[in-house]
Amino acid sequence: MNDTAIQNKPGIIQKIDADAKAISFGQPSDDLTGVFLRTLIASKPAGKFLELGTGAGRATAWILEGMSADSTLISVESDEALIAIAQKHLGHDARLELICSRGEDVIVALPANEFDFIFADTWPGKYNHLAETLNLVKEGGFYIIDDMLPQPNWPEGHAEKVAALIETLENDSRFQLVKMSWASGVIILVKKTE
């Protein structure tokens with residue numbers, strides 16, 4: 001399956017992509033990750049969702065497409081130019097709260113066991129402040145990361161960071177985990193009921 005086979009792609013994505021290209025942003029989420037997120041999000045009606053790393057809002061658009069009318073999404077991005085693009089195209093959606101801040105600062109301020117779904121697509125919540133982020137997931141909630149398969153743009157030493165992250169996640173007995181060769185490499189954790 002390739003990106004062209006994806007049905008019902010959010011129409012706003014073309015406009016987000018054009019604005020992201022204009023500022024030379026080269027790390028957008030792909031459509032395979034997007035359709036996957038949209039599908040999982042639909043399993044949590046009236047859900048509370050957190051996205052770490054809004055970027056220009058590409059994955060955010062997919063997440064919003066899967067959300068019920070009574071769900072909420074907090075999306076965090078530290079780059080003002082990127083979050084401005086997301087605000088321009090998605091800010092009208094009352095279910096969405098865009099926060100321009102360092103992810104670390106937001107993570108430590110949020111209450112534990114608060115979120116049905118966390119998509120960590122940046123360093124905070126993934127390679128740093130991981131324990132604090134996992135504590136935010138409710139029982140039965142999802143923690144999802146991508147970019148876990150080797151990528152040509154990985155800097156030297158990044159493969160070792162990925163391997164260490166995967167080992168940490170595999171050894172967290174609070175979660176069930178599956179590693180998928182989907183898109184850029186997706187890992188899903190679900191917090192077990194105690």
# chains A, B, ... in the order shown; residues from 1 in each chain; ligands from 1
>>> closest_atom_pairs(of="stretch 75-153 of chain A", to="stretch 179-189 of chain A", cutoff="8 Å", atoms="only C-alpha atoms", output="Markdown table")
| residue | atom | partner | partner_atom | distance |
| --- | --- | --- | --- | --- |
| A:Phe142 | CA | A:Leu189 | CA | 5.6 |
| A:Tyr143 | CA | A:Leu189 | CA | 5.1 |
| A:Ile144 | CA | A:Ile188 | CA | 4.7 |
| A:Ile145 | CA | A:Ile187 | CA | 5.5 |
| A:Asp146 | CA | A:Val186 | CA | 4.3 |
| A:Asp147 | CA | A:Ser184 | CA | 4.7 |
| A:Met148 | CA | A:Gly185 | CA | 4.5 |
| A:Leu149 | CA | A:Gly185 | CA | 4.7 |
| A:Pro150 | CA | A:Ser184 | CA | 8.0 |
| A:Gln151 | CA | A:Ser184 | CA | 7.6 |
>>> closest_atom_pairs(of="stretch 107-133 of chain A", to="stretch 22-32 of chain A", cutoff="12 Å", atoms="only C-alpha atoms", output="CSV")
residue,atom,partner,partner_atom,distance
A:Phe119,CA,A:Ser29,CA,11.4
A:Ala120,CA,A:Ser29,CA,11.6
A:Asp121,CA,A:Ser29,CA,8.5
A:Thr122,CA,A:Gln27,CA,10.5
>>> residues_around(residues="stretch 104-107 of chain A", least_positions_apart="2", cutoff="9 Å", atoms="only C-alpha atoms", output="short mmCIF file (atom, residue, chain, number, x, y, z; two decimals) with N, CA and C atoms, in the first residue's frame")
data_model
loop_
_atom_site.label_atom_id
_atom_site.label_comp_id
_atom_site.auth_asym_id
_atom_site.auth_seq_id
_atom_site.Cartn_x
_atom_site.Cartn_y
_atom_site.Cartn_z
N LEU A 52 2.64 15.49 20.86
CA LEU A 52 3.90 16.17 21.16
C LEU A 52 4.68 16.30 19.86
N VAL A 76 1.41 20.27 20.95
CA VAL A 76 2.50 21.10 21.46
C VAL A 76 3.62 21.19 20.43
N ILE A 99 -0.41 24.69 21.64
CA ILE A 99 0.47 25.31 22.63
C ILE A 99 1.85 25.46 22.03
N SER A 101 5.33 25.94 22.98
CA SER A 101 6.14 25.81 24.18
C SER A 101 7.10 24.65 24.00
N ARG A 102 8.08 24.59 24.87
CA ARG A 102 8.94 23.41 24.92
C ARG A 102 8.10 22.24 25.43
N ALA A 109 3.79 19.65 33.47
CA ALA A 109 2.68 20.41 34.05
C ALA A 109 1.34 19.67 33.94
N LEU A 110 1.30 18.58 33.18
CA LEU A 110 0.04 17.87 32.96
C LEU A 110 -0.21 16.83 34.05
N PRO A 111 -1.49 16.57 34.37
CA PRO A 111 -1.81 15.58 35.41
C PRO A 111 -1.61 14.15 34.91
N PRO A 124 10.97 15.50 23.14
CA PRO A 124 10.29 15.41 24.45
C PRO A 124 9.12 14.44 24.38
N GLY A 125 9.09 13.54 25.33
CA GLY A 125 8.05 12.53 25.35
C GLY A 125 8.45 11.24 24.68
N ASN A 128 13.45 12.11 25.66
CA ASN A 128 13.60 12.68 27.00
C ASN A 128 12.20 12.86 27.60
N HIS A 129 12.13 12.87 28.90
CA HIS A 129 10.85 12.96 29.62
C HIS A 129 9.90 11.82 29.23
N GLU A 132 7.84 10.52 32.40
CA GLU A 132 6.78 11.47 32.74
C GLU A 132 5.62 11.37 31.72
N THR A 133 5.96 11.17 30.45
CA THR A 133 4.94 11.08 29.41
C THR A 133 4.12 9.80 29.55
N LEU A 136 1.29 9.89 31.90
CA LEU A 136 0.11 10.65 31.50
C LEU A 136 -0.97 9.79 30.85
#
>>> select_by_dssp(residues="stretch 40-165 of chain A", states="strand (DSSP E)", output="JSON, numbers by chain")
{"A": [48, 49, 50, 51, 52, 72, 73, 74, 75, 76, 77, 96, 97, 98, 99, 100, 115, 116, 117, 118, 119, 120, 137, 138, 139, 140, 141, 142, 143, 144, 145]}
>>> residues_around(residues="A:Gly11", least_positions_apart="2", cutoff="12 Å", atoms="only C-alpha atoms", output="ChimeraX atom specification")
/A:7-9,13-17,58,61-62,65,89-90
>>> closest_residue(among="A:Thr33, A:Lys44, A:Val108, A:Trp123", to="A:Glu77", atoms="only C-alpha atoms")
A:Trp123
